[in-house]
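What follows is the content of protein_23.cif, which has mmCIF, C-alpha atoms and all ligand atoms:
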```cif
data_work
#
loop_
_atom_site.label_atom_id
_atom_site.label_comp_id
_atom_site.auth_asym_id
_atom_site.auth_seq_id
_atom_site.Cartn_x
_atom_site.Cartn_y
_atom_site.Cartn_z
CA MET A 1 -52.63 7.27 8.73
CA GLY A 2 -51.27 7.59 5.22
CA ILE A 3 -51.74 7.23 1.49
CA TYR A 4 -50.41 4.07 -0.14
CA VAL A 5 -50.09 3.43 -3.88
CA TRP A 6 -50.43 -0.05 -5.39
CA GLY A 7 -48.16 -0.54 -8.38
CA THR A 8 -44.73 0.74 -9.37
CA GLY A 9 -45.21 0.93 -13.12
CA CYS A 10 -46.66 3.35 -15.69
CA GLY A 11 -49.86 3.89 -13.68
CA ALA A 12 -47.92 4.99 -10.60
CA SER A 13 -45.78 7.38 -12.59
CA GLN A 14 -48.96 8.78 -14.23
CA LEU A 15 -50.31 9.46 -10.77
CA ILE A 16 -47.19 11.39 -9.79
CA SER A 17 -47.07 13.35 -13.04
CA ARG A 18 -50.70 14.34 -12.52
CA GLY A 19 -49.84 15.94 -9.20
CA LEU A 20 -49.61 13.44 -6.35
CA GLU A 21 -46.33 14.38 -4.69
CA PRO A 22 -44.21 11.31 -3.82
CA GLU A 23 -43.69 12.78 -0.32
CA ARG A 24 -47.42 12.25 0.32
CA VAL A 25 -47.09 8.54 -0.39
CA SER A 26 -46.27 6.50 2.75
CA ALA A 27 -45.18 3.54 0.62
CA PHE A 28 -45.80 1.77 -2.68
CA VAL A 29 -47.17 -1.78 -2.73
CA ASP A 30 -46.42 -4.32 -5.44
CA ASN A 31 -46.92 -8.04 -5.96
CA HIS A 32 -43.62 -8.15 -7.86
CA PRO A 33 -41.39 -5.38 -6.50
CA VAL A 34 -38.37 -4.65 -8.68
CA GLY A 35 -36.44 -3.15 -5.74
CA PRO A 36 -36.80 -1.90 -2.18
CA GLY A 37 -37.69 1.66 -3.24
CA PHE A 38 -39.52 3.65 -5.93
CA LEU A 39 -39.35 7.42 -6.37
CA GLY A 40 -37.61 7.64 -2.99
CA ARG A 41 -40.37 5.79 -1.14
CA PRO A 42 -40.31 2.21 0.20
CA VAL A 43 -41.95 -0.61 -1.77
CA LEU A 44 -43.85 -3.21 0.27
CA ARG A 45 -45.23 -6.60 -0.62
CA PRO A 46 -49.03 -6.73 -0.12
CA GLU A 47 -48.73 -8.78 3.07
CA GLU A 48 -46.52 -6.01 4.51
CA LEU A 49 -49.17 -3.30 4.00
CA PRO A 50 -50.01 -1.83 7.44
CA VAL A 51 -53.76 -2.01 6.93
CA SER A 52 -54.65 -0.02 10.06
CA ASP A 53 -52.40 2.85 8.92
CA CYS A 54 -53.83 2.91 5.39
CA GLU A 55 -56.27 5.77 5.03
CA LEU A 56 -56.34 5.50 1.25
CA LEU A 57 -54.88 2.97 -1.19
CA ILE A 58 -54.67 4.13 -4.80
CA VAL A 59 -54.52 1.15 -7.16
CA THR A 60 -52.72 2.07 -10.37
CA THR A 61 -52.52 -1.26 -12.22
CA ARG A 62 -55.03 -2.69 -14.67
CA HIS A 63 -55.96 -5.63 -12.49
CA SER A 64 -58.48 -3.69 -10.43
CA GLY A 65 -60.81 -6.65 -9.77
CA ASP A 66 -58.02 -9.01 -8.66
CA ILE A 67 -56.48 -6.39 -6.39
CA ALA A 68 -59.86 -5.57 -4.83
CA LEU A 69 -60.08 -9.27 -3.93
CA GLN A 70 -56.54 -9.34 -2.58
CA CYS A 71 -57.28 -6.24 -0.45
CA SER A 72 -60.44 -7.76 0.97
CA ARG A 73 -58.36 -10.79 2.06
CA LEU A 74 -55.96 -8.36 3.76
CA GLY A 75 -58.91 -6.74 5.55
CA LEU A 76 -58.88 -3.47 3.60
CA GLY A 77 -62.41 -2.36 2.69
CA ARG A 78 -63.45 -0.79 -0.62
CA GLU A 79 -64.23 2.50 1.14
CA ARG A 80 -60.45 3.01 1.39
CA ILE A 81 -59.51 1.99 -2.17
CA LEU A 82 -59.41 4.24 -5.21
CA PHE A 83 -58.85 2.68 -8.63
CA LEU A 84 -57.01 4.58 -11.33
CA LYS A 85 -58.08 2.07 -14.01
CA ASN A 86 -61.78 2.38 -13.47
CA HIS A 87 -62.94 2.41 -17.07
CA CYS A 88 -64.63 -0.06 -19.43
CA ARG A 89 -66.45 -1.69 -16.54
CA LEU A 90 -70.08 -2.25 -15.76
CA GLU A 91 -69.72 -0.80 -12.27
CA ASP A 92 -68.01 2.28 -10.91
CA MET A 93 -65.23 0.68 -8.84
CA ASN A 94 -64.75 3.97 -7.01
CA ALA A 95 -68.33 4.44 -5.82
CA PRO A 96 -67.68 2.91 -2.36
CA CYS A 97 -64.57 5.07 -1.81
CA THR A 98 -66.22 7.92 0.06
CA GLY A 99 -63.21 9.48 1.83
CA ALA A 100 -60.92 10.19 -1.16
CA GLU A 101 -62.26 13.64 -1.92
CA LYS A 102 -61.86 14.84 1.68
CA LEU A 103 -58.33 13.51 1.87
CA LEU A 104 -57.03 14.64 -1.52
CA GLY A 105 -59.30 17.60 -2.27
CA ARG A 106 -61.69 17.72 -5.26
CA GLU A 107 -59.25 19.51 -7.54
CA LEU A 108 -56.41 16.99 -7.09
CA LEU A 109 -58.85 14.06 -7.27
CA GLU A 110 -60.14 15.27 -10.63
CA ARG A 111 -56.58 15.66 -11.89
CA LEU A 112 -55.64 12.16 -10.74
CA LEU A 113 -58.66 10.46 -12.30
CA PRO A 114 -59.51 12.41 -15.45
CA GLY A 115 -62.17 11.28 -17.92
CA GLN A 116 -63.29 8.19 -16.00
CA ARG A 117 -65.55 6.44 -18.43
CA ILE A 118 -67.76 3.74 -17.06
CA ILE A 119 -69.58 1.87 -19.81
CA SER A 120 -72.99 3.28 -19.17
CA VAL A 121 -75.02 0.09 -19.47
CA PRO A 122 -76.29 0.31 -15.88
CA ALA A 123 -77.80 3.75 -16.39
CA ARG A 124 -80.15 2.68 -19.16
CA LEU A 125 -80.49 -0.92 -18.13
CA SER A 126 -81.33 -0.08 -14.55
CA SER A 127 -84.81 0.74 -15.88
CA GLY A 128 -84.97 -2.95 -16.80
CA ALA A 129 -84.17 -3.82 -13.19
CA LEU A 130 -81.27 -6.08 -14.08
CA SER A 131 -79.29 -7.30 -11.12
CA ARG A 132 -75.56 -6.69 -10.92
CA GLU A 133 -74.96 -10.42 -11.49
CA GLU A 134 -76.97 -10.35 -14.70
CA LEU A 135 -75.13 -7.26 -15.93
CA SER A 136 -71.72 -8.67 -15.18
CA GLY A 137 -72.61 -12.09 -16.57
CA ASP A 138 -71.30 -11.30 -20.03
CA TYR A 139 -69.59 -7.95 -20.07
CA VAL A 140 -68.43 -8.24 -23.68
CA ARG A 141 -71.85 -9.22 -25.03
CA LEU A 142 -73.65 -6.46 -23.14
CA SER A 143 -71.22 -3.65 -23.78
CA THR A 144 -71.06 -4.57 -27.47
CA LEU A 145 -74.85 -4.40 -27.55
CA GLU A 146 -74.76 -1.00 -25.91
CA LEU A 147 -72.23 0.44 -28.36
CA ILE A 148 -74.14 -1.01 -31.32
CA CYS A 149 -77.43 0.45 -30.06
CA ARG A 150 -75.88 3.91 -29.69
CA ARG A 151 -74.77 3.76 -33.33
CA LEU A 152 -78.09 2.43 -34.56
CA GLU A 153 -80.15 4.98 -32.65
CA ALA A 154 -78.54 7.80 -34.57
CA LYS A 155 -78.06 6.26 -37.99
CA VAL A 156 -80.15 3.24 -38.96
CA PRO A 157 -83.95 3.00 -39.18
CA GLY A 158 -85.95 -0.13 -38.45
CA ALA A 159 -87.24 -2.33 -35.66
CA ALA A 160 -85.28 -4.65 -33.37
CA ALA A 161 -85.92 -8.38 -33.04
CA GLU A 162 -84.81 -11.46 -31.20
CA LEU A 163 -85.37 -15.02 -32.39
CA GLY A 164 -84.75 -17.27 -29.39
CA VAL A 165 -85.83 -15.29 -26.34
CA TYR A 166 -86.12 -17.88 -23.56
CA ARG A 167 -86.82 -15.81 -20.42
CA GLY A 168 -86.00 -12.48 -22.05
CA ASP A 169 -82.66 -11.69 -20.38
CA PHE A 170 -81.05 -10.34 -23.54
CA ALA A 171 -84.33 -9.08 -25.01
CA ARG A 172 -84.88 -6.73 -22.11
CA CYS A 173 -81.41 -5.28 -22.60
CA ILE A 174 -82.32 -4.57 -26.23
CA ASN A 175 -85.64 -3.09 -25.11
CA ALA A 176 -83.91 -0.86 -22.54
CA LEU A 177 -81.24 0.31 -24.98
CA LEU A 178 -83.58 0.98 -27.93
CA PRO A 179 -86.69 2.25 -26.12
CA GLU A 180 -88.05 4.07 -29.20
CA ARG A 181 -87.95 1.04 -31.52
CA LYS A 182 -90.47 -1.77 -31.86
CA LEU A 183 -89.07 -5.02 -30.51
CA TYR A 184 -90.28 -8.27 -32.12
CA LEU A 185 -89.77 -11.37 -29.98
CA PHE A 186 -89.98 -14.84 -31.54
CA ASP A 187 -89.90 -18.00 -29.46
CA SER A 188 -91.86 -21.20 -29.08
CA PHE A 189 -91.78 -20.46 -25.33
CA SER A 190 -91.71 -24.23 -24.98
CA GLY A 191 -88.18 -25.10 -26.08
CA PHE A 192 -86.89 -26.63 -29.29
CA ALA A 193 -88.70 -28.23 -32.23
CA PRO A 194 -88.52 -32.06 -32.02
CA GLU A 195 -86.55 -32.29 -35.29
CA ASP A 196 -83.68 -30.26 -33.78
CA GLY A 197 -82.85 -33.16 -31.48
CA ALA A 198 -82.23 -31.25 -28.25
CA GLY A 199 -81.39 -33.67 -25.44
CA ALA A 200 -83.99 -34.14 -22.71
CA ALA A 201 -82.18 -31.99 -20.13
CA PHE A 202 -81.48 -29.16 -22.61
CA GLN A 203 -85.12 -29.20 -23.70
CA ALA A 204 -86.39 -29.21 -20.11
CA ALA A 205 -84.12 -26.29 -19.21
CA HIS A 206 -85.75 -24.18 -21.93
CA GLU A 207 -89.37 -24.97 -21.14
CA ASN A 208 -89.46 -22.91 -17.98
CA THR A 209 -90.76 -19.66 -19.52
CA SER A 210 -93.84 -18.08 -21.11
CA ALA A 211 -94.75 -15.18 -23.37
CA GLU A 212 -96.55 -13.45 -20.48
CA ALA A 213 -93.57 -13.80 -18.13
CA VAL A 214 -91.23 -12.39 -20.79
CA LEU A 215 -93.52 -9.44 -21.50
CA ALA A 216 -93.75 -8.64 -17.80
CA ARG A 217 -89.94 -8.33 -17.65
CA MET A 218 -89.65 -5.79 -20.47
CA PRO A 219 -88.88 -2.21 -19.41
CA HIS A 220 -90.95 -0.82 -22.34
CA PRO A 221 -93.63 -3.49 -22.95
CA GLU A 222 -95.71 -1.14 -25.11
CA THR A 223 -93.06 -1.43 -27.86
CA VAL A 224 -92.93 -5.24 -27.76
CA ARG A 225 -94.63 -7.55 -30.28
CA LEU A 226 -94.68 -11.22 -29.29
CA TYR A 227 -94.69 -14.01 -31.88
CA PRO A 228 -95.10 -17.27 -29.98
CA GLY A 229 -94.68 -20.60 -31.79
CA TYR A 230 -92.08 -22.37 -33.89
CA PHE A 231 -90.27 -20.11 -36.32
CA PRO A 232 -90.78 -19.57 -39.28
CA ALA A 233 -94.42 -20.76 -39.08
CA SER A 234 -94.94 -18.24 -36.26
CA LEU A 235 -94.36 -15.31 -38.66
CA LYS A 236 -97.90 -15.55 -40.04
CA GLY A 237 -97.20 -13.20 -42.95
CA LEU A 238 -95.37 -10.52 -40.95
CA GLU A 239 -93.42 -7.96 -43.00
CA GLU A 240 -90.96 -5.56 -41.34
CA ARG A 241 -87.52 -3.95 -41.74
CA PHE A 242 -84.91 -4.22 -38.99
CA CYS A 243 -81.85 -2.38 -37.68
CA LEU A 244 -80.89 -5.06 -35.14
CA VAL A 245 -81.52 -8.79 -34.89
CA SER A 246 -80.38 -11.17 -32.16
CA LEU A 247 -80.41 -14.75 -33.43
CA ASP A 248 -80.05 -17.23 -30.56
CA VAL A 249 -81.74 -20.54 -31.27
CA ASP A 250 -78.82 -22.95 -30.68
CA PHE A 251 -79.46 -25.37 -33.56
CA ALA A 252 -78.80 -25.39 -37.30
CA GLY A 253 -82.41 -25.63 -38.53
CA PRO A 254 -83.93 -22.54 -36.88
CA THR A 255 -80.66 -20.59 -37.26
CA LEU A 256 -80.74 -21.13 -41.03
CA GLU A 257 -84.44 -20.18 -41.16
CA GLY A 258 -83.66 -17.06 -39.12
CA LEU A 259 -80.83 -16.03 -41.44
CA ARG A 260 -82.99 -16.62 -44.51
CA TRP A 261 -85.79 -14.44 -43.18
CA PHE A 262 -83.98 -11.69 -41.28
CA TRP A 263 -80.85 -11.02 -43.34
CA PRO A 264 -82.68 -9.67 -46.42
CA ARG A 265 -84.87 -7.53 -44.12
CA LEU A 266 -81.94 -5.94 -42.24
CA ASN A 267 -81.35 -2.34 -43.23
CA THR A 268 -77.94 -1.17 -44.44
CA GLY A 269 -75.82 -0.30 -41.42
CA GLY A 270 -77.73 -2.78 -39.25
CA TYR A 271 -76.35 -5.71 -37.26
CA LEU A 272 -77.30 -9.33 -36.76
CA LEU A 273 -75.88 -10.85 -33.57
CA LEU A 274 -75.40 -14.58 -34.04
CA HIS A 275 -75.06 -16.01 -30.55
CA ASP A 276 -73.12 -19.25 -29.94
CA TRP A 277 -71.45 -19.15 -33.35
CA GLY A 278 -68.13 -20.04 -31.66
CA ASP A 279 -69.54 -22.51 -29.12
CA PRO A 280 -68.14 -26.00 -29.78
CA GLU A 281 -71.17 -27.48 -27.97
CA LEU A 282 -73.52 -25.93 -30.55
CA PRO A 283 -71.80 -26.56 -33.90
CA GLY A 284 -75.08 -26.24 -35.86
CA VAL A 285 -75.02 -22.45 -35.52
CA ALA A 286 -71.77 -21.99 -37.49
CA ARG A 287 -72.86 -24.71 -39.95
CA ALA A 288 -76.10 -22.84 -40.67
CA LEU A 289 -74.17 -19.66 -41.42
CA GLU A 290 -71.87 -21.55 -43.81
CA GLN A 291 -74.91 -22.93 -45.61
CA TYR A 292 -76.60 -19.54 -45.80
CA GLN A 293 -73.48 -17.88 -47.19
CA ALA A 294 -73.25 -20.65 -49.79
CA GLU A 295 -76.87 -19.90 -50.75
CA LEU A 296 -76.04 -16.18 -51.00
CA GLY A 297 -72.90 -16.94 -53.01
CA SER A 298 -70.77 -14.56 -50.93
CA PRO A 299 -69.49 -14.23 -47.36
CA ILE A 300 -71.14 -11.76 -45.00
CA PRO A 301 -68.77 -9.23 -43.34
CA ALA A 302 -68.62 -10.18 -39.68
CA LEU A 303 -66.74 -9.60 -36.43
CA PRO A 304 -66.26 -12.44 -33.91
CA LEU A 305 -66.62 -11.43 -30.26
CA PRO A 306 -64.69 -12.84 -27.30
CA ASP A 307 -67.91 -13.10 -25.29
CA ILE A 308 -69.03 -16.16 -23.36
CA GLY A 309 -71.19 -17.59 -26.14
CA GLY A 310 -68.75 -16.83 -28.95
CA SER A 311 -71.07 -14.44 -30.78
CA LEU A 312 -70.51 -13.33 -34.34
CA VAL A 313 -71.65 -9.82 -35.31
CA LEU A 314 -72.83 -9.76 -38.93
CA CYS A 315 -72.73 -6.28 -40.40
CA LYS A 316 -75.00 -5.23 -43.30
C1 LIG B 401 -80.57 -20.07 -25.66
S1 LIG B 401 -82.25 -19.73 -25.59
C2 LIG B 401 -82.32 -18.00 -25.89
C3 LIG B 401 -81.66 -17.16 -24.81
C4 LIG B 401 -81.87 -15.69 -24.94
N1 LIG B 401 -81.57 -15.19 -26.27
C5 LIG B 401 -81.05 -14.94 -23.93
O1 LIG B 401 -79.91 -14.51 -24.26
O2 LIG B 401 -81.49 -14.78 -22.79
C6 LIG B 401 -82.83 -20.45 -27.07
C7 LIG B 401 -84.30 -20.26 -27.30
O3 LIG B 401 -84.58 -20.56 -28.66
C8 LIG B 401 -85.92 -21.03 -28.74
N2 LIG B 401 -86.12 -21.73 -30.02
C9 LIG B 401 -85.32 -22.68 -30.55
N3 LIG B 401 -85.80 -23.07 -31.75
C10 LIG B 401 -86.91 -22.35 -31.98
C11 LIG B 401 -87.84 -22.26 -33.08
N4 LIG B 401 -87.73 -23.03 -34.18
N5 LIG B 401 -88.85 -21.39 -32.97
C12 LIG B 401 -88.99 -20.61 -31.90
N6 LIG B 401 -88.14 -20.64 -30.85
C13 LIG B 401 -87.11 -21.49 -30.88
C14 LIG B 401 -86.05 -21.91 -27.53
O4 LIG B 401 -87.41 -22.05 -27.13
C15 LIG B 401 -85.22 -21.15 -26.48
O5 LIG B 401 -86.04 -20.35 -25.65
#
```

Do you think you could lay out the structure here as structure tokens?
Ligand SMILES: C[S@@+](CC[C@H](N)C(=O)[O-])C[C@H]1O[C@@H](n2cnc3c(N)ncnc32)[C@H](O)[C@@H]1O
Amino acid sequence: MGIYVWGTGCGASQLISRGLEPERVSAFVDNHPVGPGFLGRPVLRPEELPVSDCELLIVTTRHSGDIALQCSRLGLGRERILFLKNHCRLEDMNAPCTGAEKLLGRELLERLLPGQRIISVPARLSSGALSREELSGDYVRLSTLELICRRLEAKVPGAAAELGVYRGDFARCINALLPERKLYLFDSFSGFAPEDGAGAAFQAAHENTSAEAVLARMPHPETVRLYPGYFPASLKGLEERFCLVSLDVDFAGPTLEGLRWFWPRLNTGGYLLLHDWGDPELPGVARALEQYQAELGSPIPALPLPDIGGSLVLCK
């Protein structure tokens, strides 16, 4: 039984320079081998990996997820795979690998994998009982939210809010990440206003929710204030200052109303997350922002995200 190393590039050489002696490596594995050997050891194609002899496979490339899939097709379980590139993920890829410490020793293991930083969303969000699928659904959106909330917690006063809550998936992430702040939730809880012209199927898809069901899903319901009804009529004279606003109402009309009400009430240093700004299926969102900026007479500093919905982060 031996140790195998996947990859013959920078990651593999990092591993060696951190203290894994090449003599301990039975062979390297690579999808695109540049030659038959590397650092005096043979280089195999994945299909040549002797799975029954592999006590530990250390994956050194960035494509951890793809290689995990390739290994499972080869019959190599995650308990025998250690990933060098285990950071900026929503899960600890190395959690199932129980035998590495015994084989390598704690001291060498810590030298090989220094400063592993898993984006810590699961720690805080686990109190919101989010499933792994929900967490992984939009890594960029969620990890951006987490980093923003860390900054806000320390520096910017004010409440949090979401306009367009649906079943509360994103709202409960906000609630979990800013447990000390009030969270205002605005939604009709019955879909879109007739004048927005949502198609029948889109409307029906958004009717399946309620204020009570959303509240029951919040990890800190005592901080939540629900404002059911069509926005902005649902405000009923509310006055508040905010550090974070999620605006996710899909159409131009309510997006423009949301910008008009929330932007002036956002504290300096705060963020407004405009979901679907880059979604070609929902062009009204970007149009509403254009119109609001024209009303303001100046553009708002903003950062586009490569998340699934094409969010835009407006920065005050
Ligand atoms: C895409 S869903 C929100 C999804 C949610 N932000 C999430 O990430 O899980 C859009 C929501 O906007 C709400 N909505 C649209 N126009 C509205 C308005 N004028 N007033 C209140 N809610 C509205 C709809 O009822 C729907 O629940």

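When all atoms listed in the file are used to compute distances to ligand LIG 401 (chain B), the closest of the residues A:Val165, A:Ile58, A:Val34, A:Ile174 turns out to be A:Val165.
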
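For Ala160 (chain A), the residues within 6 Å (counting all atoms listed in the file, excluding itself and residues fewer than 5 positions away along the chain) are Leu183, Phe242, Cys243, Leu244 and Val245 of chain A.
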
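Comparing the minimum interatomic distances between Ala176 (chain A) and each of A:Ala205, A:Ala213, A:Pro219, A:Gly37, counting all atoms listed in the file, we find that A:Pro219 sits nearest.
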
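Residues of protein or nucleic acid lying within 6 Å of ligand LIG 401 (chain B), counting only C-alpha atoms and all ligand atoms, are Gly164, Val165, Tyr166, Arg167, Gly168, Asp169, Phe170, Phe186, Asp187, Ser188, Phe189, Ser190, Gly191, Phe192, Ala193, His206, Gly229, Tyr230, Phe231, Asp248, Val249, Asp250 and Pro254 of chain A.
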
Q) So, counting all atoms listed in the file, which residue among A:Leu178, A:Ala233, A:Cys315, A:Leu84 is closest to Pro299 (chain A)? A) A:Cys315

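Taking CA of His63 (chain A) and CA of Gly105 (chain A) as endpoints, the distance between them is 25.6 Å.
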
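If all atoms listed in the file are the atoms counted, then among A:Cys54, A:Met93, A:Leu226, A:Leu312 the closest residue to Ile67 (chain A) is A:Met93.
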
**Q.** Coordinates-based distance that separates CA of Val140 (chain A) from CA of Met218 (chain A) (Å, one decimal)
**A.** 21.6 Å

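Computed from the coordinates, the CA of Ala286 (chain A) to CA of Tyr139 (chain A) distance equals 22.5 Å.
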
For region 28-31 of chain A, take all atoms listed in the file, fit an axis-aligned box around them, add 5 Å to each of the six sides, then output centre and edge lengths in Å rounded to one decimal, as JSON.
```
{"center_x": -46.5, "center_y": -3.1, "center_z": -4.3, "size_x": 11.4, "size_y": 19.8, "size_z": 13.3}
```

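Using all atoms listed in the file, the nearest neighbour of Ala68 (chain A) within the list A:Leu82, A:Leu289, A:Leu142, A:Leu152 is A:Leu82.
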
Q | Selection near region 40-42 of chain A, 9 Å with all atoms listed in the file, sequence-local residues under 4 positions removed, as JSON, numbers by chain | A | {"A": [22, 23, 25, 26, 27, 28, 29, 35, 36]}

**Q.** Residues within 12 Å of Pro264 (chain A), all atoms listed in the file, excluding chain neighbours under 2 positions, as a PyMOL selection string
**A.** chain A and resi 239-243+245+257-262+266-268+270-272+292+296+300+316

Q. Nearest to Ser52 (chain A) among A:Leu109, A:Thr255, A:Leu274, A:Gly77, with distances taken over only C-alpha atoms: which residue is it?
A. A:Gly77

Do a neighbour search on Ile16 (chain A) at 12 Å with all atoms listed in the file, toss out local chain neighbours closer than 4 positions, and write the hits as a PDB file with C-alpha atoms, in the frame of the given file.
```
ATOM      1  CA  VAL A   5     -50.090   3.430  -3.880  1.00  0.00           C
ATOM      2  CA  THR A   8     -44.730   0.740  -9.370  1.00  0.00           C
ATOM      3  CA  GLY A   9     -45.210   0.930 -13.120  1.00  0.00           C
ATOM      4  CA  CYS A  10     -46.660   3.350 -15.690  1.00  0.00           C
ATOM      5  CA  GLY A  11     -49.860   3.890 -13.680  1.00  0.00           C
ATOM      6  CA  ALA A  12     -47.920   4.990 -10.600  1.00  0.00           C
ATOM      7  CA  LEU A  20     -49.610  13.440  -6.350  1.00  0.00           C
ATOM      8  CA  GLU A  21     -46.330  14.380  -4.690  1.00  0.00           C
ATOM      9  CA  PRO A  22     -44.210  11.310  -3.820  1.00  0.00           C
ATOM     10  CA  GLU A  23     -43.690  12.780  -0.320  1.00  0.00           C
ATOM     11  CA  ARG A  24     -47.420  12.250   0.320  1.00  0.00           C
ATOM     12  CA  VAL A  25     -47.090   8.540  -0.390  1.00  0.00           C
ATOM     13  CA  PHE A  38     -39.520   3.650  -5.930  1.00  0.00           C
ATOM     14  CA  LEU A  39     -39.350   7.420  -6.370  1.00  0.00           C
ATOM     15  CA  ILE A  58     -54.670   4.130  -4.800  1.00  0.00           C
ATOM     16  CA  THR A  60     -52.720   2.070 -10.370  1.00  0.00           C
ATOM     17  CA  LEU A 108     -56.410  16.990  -7.090  1.00  0.00           C
ATOM     18  CA  ARG A 111     -56.580  15.660 -11.890  1.00  0.00           C
ATOM     19  CA  LEU A 112     -55.640  12.160 -10.740  1.00  0.00           C
ATOM     20  CA  LEU A 113     -58.660  10.460 -12.300  1.00  0.00           C
TER      21      LEU A 113
END
```
